[in-house]
>>> print(open('upload_23.cif').read())   # mmCIF, C-alpha atoms
data_data
loop_
_atom_site.label_atom_id
_atom_site.label_comp_id
_atom_site.auth_asym_id
_atom_site.auth_seq_id
_atom_site.Cartn_x
_atom_site.Cartn_y
_atom_site.Cartn_z
CA MET B 165 -13.07 -13.04 -25.23
CA LYS B 166 -11.14 -10.58 -23.03
CA ASP B 167 -10.43 -7.16 -24.51
CA PRO B 168 -6.70 -7.31 -25.42
CA VAL B 169 -6.11 -3.78 -24.12
CA VAL B 170 -7.61 -4.68 -20.73
CA GLY B 171 -5.66 -7.94 -20.70
CA PHE B 172 -2.41 -6.09 -21.37
CA TYR B 173 -2.89 -3.73 -18.43
CA GLU B 174 -3.91 -6.64 -16.20
CA SER B 175 -0.70 -8.50 -17.12
CA GLY B 176 1.45 -6.37 -14.82
CA VAL B 177 3.81 -5.32 -17.60
CA VAL B 178 2.88 -1.62 -17.46
CA ASP B 179 2.94 -1.15 -13.70
CA HIS B 180 6.24 -3.07 -13.52
CA ALA B 181 7.76 -0.49 -15.86
CA LEU B 182 5.95 2.72 -14.88
CA GLY B 183 4.69 2.07 -11.35
CA SER B 184 1.12 1.92 -10.10
CA ALA B 185 0.13 5.12 -11.93
CA MET B 186 0.80 3.21 -15.20
CA ARG B 187 1.34 6.31 -17.36
CA PRO B 188 3.94 8.93 -18.30
CA GLY B 189 4.41 11.62 -15.67
CA GLY B 190 2.89 9.60 -12.84
CA LEU B 191 1.23 11.41 -9.97
CA ASP B 192 3.39 14.53 -10.37
CA LEU B 193 1.66 15.20 -13.69
CA THR B 194 -1.70 14.37 -12.10
CA LYS B 195 -1.04 17.09 -9.52
CA ARG B 196 -0.25 19.54 -12.30
CA MET B 197 -3.53 18.63 -14.01
CA ALA B 198 -5.41 19.10 -10.74
CA GLU B 199 -3.86 22.56 -10.38
CA LEU B 200 -4.73 23.54 -13.95
CA ALA B 201 -8.29 22.21 -13.62
CA GLY B 202 -8.80 24.04 -10.32
CA LEU B 203 -9.87 20.94 -8.43
CA ALA B 204 -11.11 21.93 -5.01
CA ASP B 205 -12.24 20.46 -1.71
CA GLY B 206 -15.65 18.85 -2.07
CA GLY B 207 -15.60 18.81 -5.88
CA ARG B 208 -17.02 15.73 -7.56
CA VAL B 209 -14.49 14.20 -9.97
CA LEU B 210 -14.64 11.20 -12.32
CA ASP B 211 -11.40 9.43 -13.28
CA VAL B 212 -12.04 7.60 -16.58
CA ALA B 213 -10.01 4.38 -16.96
CA CYS B 214 -8.76 4.62 -13.39
CA GLY B 215 -6.59 1.48 -13.46
CA LEU B 216 -5.19 0.89 -9.98
CA GLY B 217 -6.93 3.98 -8.62
CA THR B 218 -3.87 6.07 -7.83
CA THR B 219 -5.51 9.28 -9.09
CA VAL B 220 -8.77 8.62 -7.24
CA ILE B 221 -6.88 8.03 -3.99
CA LEU B 222 -4.72 11.14 -4.50
CA LEU B 223 -7.68 13.41 -5.26
CA SER B 224 -9.67 12.06 -2.32
CA GLN B 225 -6.90 12.19 0.28
CA GLN B 226 -4.86 15.23 -0.74
CA TYR B 227 -7.44 17.43 -2.48
CA GLY B 228 -10.59 16.55 -0.56
CA CYS B 229 -12.45 15.72 -3.77
CA ARG B 230 -15.37 13.31 -3.94
CA ALA B 231 -13.59 11.23 -6.55
CA VAL B 232 -14.82 8.07 -8.26
CA GLY B 233 -12.90 5.90 -10.70
CA LEU B 234 -14.29 3.96 -13.66
CA ASP B 235 -12.52 1.08 -15.39
CA ARG B 236 -13.41 -1.88 -17.61
CA SER B 237 -11.12 -4.24 -15.70
CA ARG B 238 -12.71 -6.11 -12.81
CA MET B 239 -9.30 -7.41 -11.82
CA LEU B 240 -7.70 -3.96 -11.52
CA VAL B 241 -10.70 -2.55 -9.68
CA SER B 242 -10.71 -5.50 -7.28
CA ARG B 243 -7.11 -4.73 -6.32
CA ILE B 244 -8.14 -1.34 -4.90
CA GLU B 245 -11.35 -2.42 -3.21
CA GLY B 246 -11.80 -0.47 0.01
CA GLN B 247 -9.17 2.12 -0.95
CA ALA B 248 -11.13 4.10 -3.51
CA ASP B 249 -14.68 4.57 -4.80
CA THR B 250 -14.76 2.70 -8.10
CA VAL B 251 -17.24 1.52 -10.72
CA ILE B 252 -16.81 -1.06 -13.47
CA GLY B 253 -17.97 0.43 -16.76
CA ASP B 254 -17.31 1.52 -20.31
CA SER B 255 -15.79 4.91 -21.21
CA GLU B 256 -18.11 5.10 -24.23
CA ALA B 257 -21.27 4.58 -22.12
CA LEU B 258 -20.67 6.15 -18.72
CA PRO B 259 -23.07 4.79 -16.07
CA PHE B 260 -23.81 8.21 -14.54
CA MET B 261 -26.56 10.80 -14.78
CA ALA B 262 -25.98 14.00 -16.74
CA GLY B 263 -24.28 16.98 -15.10
CA VAL B 264 -23.14 15.25 -11.91
CA PHE B 265 -19.37 15.91 -12.04
CA ASP B 266 -17.38 19.09 -11.54
CA ALA B 267 -14.44 17.57 -13.41
CA VAL B 268 -13.52 14.54 -15.48
CA ILE B 269 -9.94 13.27 -15.67
CA SER B 270 -8.64 11.10 -18.52
CA GLU B 271 -4.98 10.10 -18.23
CA CYS B 272 -3.31 8.30 -21.15
CA SER B 273 -6.48 6.38 -22.02
CA PHE B 274 -8.36 8.43 -24.63
CA SER B 275 -5.93 7.34 -27.36
CA LEU B 276 -6.82 3.70 -26.61
CA LEU B 277 -10.51 4.19 -27.38
CA GLU B 278 -12.02 3.08 -30.65
CA ASP B 279 -14.89 5.58 -30.70
CA LYS B 280 -13.31 8.74 -29.37
CA GLU B 281 -16.14 11.08 -30.32
CA THR B 282 -18.74 9.02 -28.46
CA ALA B 283 -16.47 8.88 -25.41
CA LEU B 284 -15.96 12.64 -25.48
CA TRP B 285 -19.70 13.24 -25.78
CA GLU B 286 -20.16 11.05 -22.70
CA GLN B 287 -17.62 13.07 -20.76
CA TRP B 288 -19.39 16.26 -21.85
CA ARG B 289 -22.74 14.79 -20.77
CA VAL B 290 -21.71 13.92 -17.20
CA LEU B 291 -20.00 17.30 -16.62
CA ARG B 292 -21.99 20.15 -15.13
CA PRO B 293 -22.02 23.42 -17.11
CA GLY B 294 -18.75 25.14 -16.22
CA GLY B 295 -17.13 21.80 -15.40
CA ARG B 296 -13.68 20.91 -16.70
CA LEU B 297 -12.16 17.99 -18.57
CA ALA B 298 -8.49 17.36 -17.76
CA MET B 299 -6.84 15.05 -20.28
CA SER B 300 -3.27 13.87 -20.73
CA ASP B 301 -2.36 11.72 -23.70
CA VAL B 302 -0.04 10.85 -26.53
CA TYR B 303 -0.25 13.02 -29.64
CA LEU B 304 1.42 12.67 -33.03
CA ARG B 305 3.64 15.07 -34.90
CA GLY B 306 3.73 12.73 -37.90
CA GLU B 307 1.49 10.04 -39.36
CA VAL B 308 1.00 6.38 -38.41
CA SER B 309 -0.84 3.69 -40.30
CA GLY B 310 -1.15 0.10 -39.15
CA CYS B 311 -0.12 -1.36 -35.83
CA PRO B 312 2.48 -4.02 -34.93
CA ALA B 313 1.13 -7.33 -33.71
CA GLY B 314 1.30 -7.95 -29.95
CA GLY B 315 1.63 -5.41 -27.13
CA VAL B 316 -1.66 -4.04 -28.37
CA ALA B 317 -2.21 -1.41 -25.70
CA PHE B 318 1.05 0.42 -26.31
CA ALA B 319 0.64 0.07 -30.05
CA ALA B 320 -2.83 1.57 -29.76
CA CYS B 321 -1.42 4.48 -27.72
CA ILE B 322 0.54 5.43 -30.81
CA ALA B 323 -1.64 4.09 -33.62
CA GLY B 324 -4.76 5.43 -31.88
CA ALA B 325 -3.29 8.82 -31.09
CA MET B 326 -4.04 11.93 -33.15
CA ARG B 327 -2.34 15.17 -34.04
CA LEU B 328 -2.95 18.01 -31.58
CA ASP B 329 -5.13 19.87 -34.07
CA GLN B 330 -7.32 16.77 -34.39
CA TYR B 331 -7.78 16.57 -30.62
CA LEU B 332 -8.68 20.27 -30.52
CA GLY B 333 -11.06 19.87 -33.44
CA LEU B 334 -12.85 17.05 -31.65
CA PHE B 335 -13.19 19.15 -28.50
CA GLU B 336 -14.70 21.93 -30.61
CA THR B 337 -17.11 19.52 -32.33
CA VAL B 338 -18.46 18.32 -29.00
CA GLY B 339 -18.82 21.88 -27.71
CA PHE B 340 -15.98 22.43 -25.26
CA GLU B 341 -14.29 25.78 -25.10
CA ARG B 342 -10.87 25.73 -26.78
CA PRO B 343 -8.57 23.79 -24.44
CA TYR B 344 -5.50 25.06 -22.69
CA VAL B 345 -2.61 22.86 -23.90
CA GLU B 346 0.66 22.21 -22.08
CA ASP B 347 3.38 20.05 -23.62
CA HIS B 348 4.95 17.34 -21.46
CA SER B 349 6.71 15.30 -24.13
CA ARG B 350 9.71 14.93 -21.84
CA GLU B 351 7.54 12.61 -19.72
CA LEU B 352 7.11 10.28 -22.69
CA VAL B 353 10.88 10.14 -23.12
CA ARG B 354 11.31 9.52 -19.40
CA ALA B 355 8.72 6.72 -19.55
CA ALA B 356 10.63 5.07 -22.40
CA TRP B 357 13.79 5.06 -20.28
CA GLN B 358 11.82 3.62 -17.35
CA VAL B 359 10.69 0.75 -19.58
CA ILE B 360 14.26 0.05 -20.66
CA GLU B 361 15.51 0.23 -17.08
CA ALA B 362 12.78 -2.14 -15.87
CA PHE B 363 13.20 -4.75 -18.63
CA GLY B 364 16.83 -4.29 -19.66
CA ASN B 365 16.10 -3.48 -23.29
CA THR B 366 13.25 -2.86 -25.73
CA GLU B 367 13.22 -6.44 -27.00
CA ARG B 368 12.55 -7.89 -23.52
CA PHE B 369 9.74 -5.43 -22.96
CA LEU B 370 8.17 -6.35 -26.29
CA ASP B 371 8.51 -10.06 -25.51
CA ALA B 372 6.65 -9.48 -22.22
CA SER B 373 4.07 -7.42 -24.12
CA GLY B 374 3.22 -10.15 -26.59
CA GLY B 375 6.19 -10.49 -28.90
CA SER B 376 6.04 -7.41 -31.15
CA ASN B 377 8.87 -6.91 -33.62
CA ALA B 378 11.27 -4.25 -32.33
CA SER B 379 12.03 -2.89 -35.80
CA GLU B 380 8.29 -2.37 -36.43
CA TRP B 381 8.02 -0.42 -33.19
CA ARG B 382 10.99 1.76 -33.96
CA GLU B 383 9.54 2.51 -37.38
CA MET B 384 6.18 3.40 -35.80
CA PHE B 385 7.84 5.86 -33.42
CA LYS B 386 9.95 7.28 -36.23
CA ARG B 387 6.91 7.88 -38.46
CA GLY B 388 4.57 9.06 -35.71
CA ARG B 389 7.05 11.23 -33.78
CA PRO B 390 4.85 11.05 -30.66
CA GLY B 391 4.65 13.69 -27.98
CA TYR B 392 2.68 13.98 -24.75
CA ALA B 393 0.36 16.81 -23.74
CA VAL B 394 -2.07 17.95 -21.08
CA MET B 395 -5.32 19.49 -22.32
CA ILE B 396 -7.77 21.32 -20.04
CA ALA B 397 -11.18 22.06 -21.57
CA THR B 398 -14.25 23.71 -20.06
CA LYS B 399 -17.89 22.95 -20.74
CA PRO B 400 -19.60 26.33 -21.32
CA ARG B 401 -22.06 27.38 -18.66
CA GLY B 402 -24.74 27.49 -21.30
CA GLY B 403 -23.72 24.04 -22.51
CA GLY B 404 -26.63 22.10 -21.08
CA ASN B 405 -26.51 18.37 -20.37
CA GLU B 406 -27.33 16.80 -23.70
#
>>> encode(input="upload_23.cif", output="structure tokens")
Amino acid sequence: MKDPVVGFYESGVVDHALGSAMRPGGLDLTKRMAELAGLADGGRVLDVACGLGTTVILLSQQYGCRAVGLDRSRMLVSRIEGQADTVIGDSEALPFMAGVFDAVISECSFSLLEDKETALWEQWRVLRPGGRLAMSDVYLRGEVSGCPAGGVAFAACIAGAMRLDQYLGLFETVGFERPYVEDHSRELVRAAWQVIEAFGNTERFLDASGGSNASEWREMFKRGRPGYAVMIATKPRGGGNE
């Protein structure tokens, strides 16, 4: 049975609303993350959950990075064949040797993962000592329990998100230095308006996403009070490659 999150992103609903980057902030926010992470010519970079490969292509062509994208979706990866270096794989079991990347990028995908700690350990493992993790994702200012039926990927973005202090605590548990955090919640608001503009209203978007109840979604956003942040964390030079 196909993973419902993968199926949702393969459906075309997200890129219809948000463009090929398929996330709040698009490539402008990716460029900001690249600046903050100090990505440089020749650096080896892994894009986790690369989707349609827009970040991989950007980093390769504009930054001179040796970038590779990883995604669980064969369909999405097949759409960028020949345009970017990509691998089909699982974020919680990265198919790479330890210490081979100068940077790992995770854009609006960490909140979708069931086992976040395992995934973060994997990102730590493949980074060289001194390497940087650049993450952008939804965070919560409130609390959410449960998840509306249908539109599972967007529900998981909220229901699977954590408070900022929980993200930072997880980084600390794994061994990263305390991350630099930059708030970009305005991009989440802008993305919501893009969805409405693309589909006409929330109800049409939810119908295309699998028929979620609009009132349930509004209640989830009201309780969770989501924001959006960029987090840049460094693996200490004495961090090893466990």
>>> atom_distance(input="upload_23.cif", atom1="atom CA of B:Leu304", atom2="atom CA of B:Thr398")
23.1 Å
>>> closest_residue(input="upload_23.cif", among="B:Tyr173, B:Met197, B:Leu291, B:Ser224", to="B:Arg238", atoms="all atoms listed in the file")
B:Tyr173
>>> residues_around(input="upload_23.cif", residues="B:Leu222", least_positions_apart="5", cutoff="10 Å", atoms="all atoms listed in the file", output="MDAnalysis selection string")
chainID B and resid 191 194:195 217 227:229 231 248
>>> closest_residue(input="upload_23.cif", among="B:Phe369, B:Phe260, B:Tyr303, B:Phe335", to="B:Ala356", atoms="all atoms listed in the file")
B:Phe369
>>> closest_atom_pairs(input="upload_23.cif", of="stretch 256-369 of chain B", to="stretch 384-394 of chain B", cutoff="12 Å", atoms="all atoms listed in the file", output="tab-separated table")
residue	atom	partner	partner_atom	distance
B:Ile269	CA	B:Val394	CA	10.6
B:Ser270	CA	B:Val394	CA	9.8
B:Glu271	CA	B:Val394	CA	8.8
B:Cys272	CA	B:Tyr392	CA	9.0
B:Phe274	CA	B:Val394	CA	11.9
B:Ser275	CA	B:Tyr392	CA	11.2
B:Leu297	CA	B:Val394	CA	10.4
B:Ala298	CA	B:Val394	CA	7.3
B:Met299	CA	B:Val394	CA	5.6
B:Ser300	CA	B:Val394	CA	4.3
B:Asp301	CA	B:Tyr392	CA	5.6
B:Val302	CA	B:Tyr392	CA	4.5
B:Tyr303	CA	B:Gly391	CA	5.2
B:Leu304	CA	B:Pro390	CA	4.5
B:Arg305	CA	B:Arg389	CA	5.3
B:Gly306	CA	B:Gly388	CA	4.4
B:Glu307	CA	B:Gly388	CA	4.9
B:Val308	CA	B:Gly388	CA	5.2
B:Ser309	CA	B:Met384	CA	8.3
B:Gly310	CA	B:Met384	CA	8.7
B:Cys311	CA	B:Met384	CA	7.9
B:Pro312	CA	B:Met384	CA	8.3
B:Phe318	CA	B:Met384	CA	11.2
B:Ala319	CA	B:Met384	CA	8.7
B:Ala320	CA	B:Met384	CA	11.0
B:Cys321	CA	B:Pro390	CA	9.5
B:Ile322	CA	B:Pro390	CA	7.1
B:Ala323	CA	B:Met384	CA	8.1
B:Gly324	CA	B:Gly388	CA	10.7
B:Ala325	CA	B:Pro390	CA	8.5
B:Met326	CA	B:Pro390	CA	9.3
B:Arg327	CA	B:Pro390	CA	8.9
B:Leu328	CA	B:Ala393	CA	8.6
B:Tyr331	CA	B:Ala393	CA	10.7
B:Leu332	CA	B:Val394	CA	11.8
B:Pro343	CA	B:Val394	CA	9.4
B:Tyr344	CA	B:Val394	CA	8.1
B:Val345	CA	B:Val394	CA	5.7
B:Glu346	CA	B:Val394	CA	5.2
B:Asp347	CA	B:Ala393	CA	4.4
B:His348	CA	B:Ala393	CA	5.2
B:Ser349	CA	B:Tyr392	CA	4.3
B:Arg350	CA	B:Tyr392	CA	7.7
B:Glu351	CA	B:Tyr392	CA	7.1
B:Leu352	CA	B:Tyr392	CA	6.1
B:Val353	CA	B:Gly391	CA	8.7
B:Arg354	CA	B:Tyr392	CA	11.1
B:Ala355	CA	B:Tyr392	CA	10.8
B:Ala356	CA	B:Phe385	CA	11.4
>>> resolve_selection(input="upload_23.cif", expression="the PyMOL selection byres ((chain B and resi 211) around 8)", output="list in words")
Val209, Leu210, Val212, Ala213, Cys214, Thr219, Val220, Ala231, Val232, Gly233, Leu234, Val268, Ile269 and Ser270 of chain B
>>> resolve_selection(input="upload_23.cif", expression="the PyMOL selection byres ((chain B and resi 401) around 12)", output="count of residues only")
19
>>> atom_distance(input="upload_23.cif", atom1="atom CA of B:Met395", atom2="atom CA of B:Gly333")
12.5 Å
>>> resolve_selection(input="upload_23.cif", expression="the PyMOL selection byres ((chain B and resi 283) around 12)", output="list in words")
Val212, Ala213, Asp254, Ser255, Glu256, Ala257, Leu258, Val268, Ser270, Ser273, Phe274, Ser275, Leu276, Leu277, Glu278, Asp279, Lys280, Glu281, Thr282, Leu284, Trp285, Glu286, Gln287, Trp288, Arg289, Val290, Leu334, Phe335 and Val338 of chain B
>>> write_last_selection(input="upload_23.cif", atoms="C-alpha atoms", output="compact mmCIF listing (two decimals), keeping the file's coordinate frame")
# COMPACT_ATOMS: atom_id res chain seq x y z
CA VAL B 212 -12.04 7.60 -16.58
CA ALA B 213 -10.01 4.38 -16.96
CA ASP B 254 -17.31 1.52 -20.31
CA SER B 255 -15.79 4.91 -21.21
CA GLU B 256 -18.11 5.10 -24.23
CA ALA B 257 -21.27 4.58 -22.12
CA LEU B 258 -20.67 6.15 -18.72
CA VAL B 268 -13.52 14.54 -15.48
CA SER B 270 -8.64 11.10 -18.52
CA SER B 273 -6.48 6.38 -22.02
CA PHE B 274 -8.36 8.43 -24.63
CA SER B 275 -5.93 7.34 -27.36
CA LEU B 276 -6.82 3.70 -26.61
CA LEU B 277 -10.51 4.19 -27.38
CA GLU B 278 -12.02 3.08 -30.65
CA ASP B 279 -14.89 5.58 -30.70
CA LYS B 280 -13.31 8.74 -29.37
CA GLU B 281 -16.14 11.08 -30.32
CA THR B 282 -18.74 9.02 -28.46
CA LEU B 284 -15.96 12.64 -25.48
CA TRP B 285 -19.70 13.24 -25.78
CA GLU B 286 -20.16 11.05 -22.70
CA GLN B 287 -17.62 13.07 -20.76
CA TRP B 288 -19.39 16.26 -21.85
CA ARG B 289 -22.74 14.79 -20.77
CA VAL B 290 -21.71 13.92 -17.20
CA LEU B 334 -12.85 17.05 -31.65
CA PHE B 335 -13.19 19.15 -28.50
CA VAL B 338 -18.46 18.32 -29.00
>>> closest_residue(input="upload_23.cif", among="B:Val241, B:Trp381, B:Ala397, B:Leu216", to="B:Val178", atoms="all atoms listed in the file")
B:Leu216
>>> residues_around(input="upload_23.cif", residues="B:Thr218", least_positions_apart="3", cutoff="7 Å", atoms="all atoms listed in the file", output="list in words")
Ser184, Ala185, Ile221 and Leu222 of chain B
>>> atom_distance(input="upload_23.cif", atom1="atom CA of B:Ala201", atom2="atom CA of B:Gln225")
17.2 Å
>>> residues_around(input="upload_23.cif", residues="B:Gly176", least_positions_apart="4", cutoff="12 Å", atoms="all atoms listed in the file", output="list of chain:residue names")
B:Val170, B:Gly171, B:Phe172, B:His180, B:Ala181, B:Leu182, B:Gly183, B:Ser184, B:Ala185, B:Met186, B:Gly215, B:Leu216, B:Met239, B:Leu240, B:Phe369, B:Ala372, B:Ser373
>>> closest_residue(input="upload_23.cif", among="B:Asp329, B:Asp205, B:Glu245, B:Glu361", to="B:Arg230", atoms="only C-alpha atoms")
B:Asp205
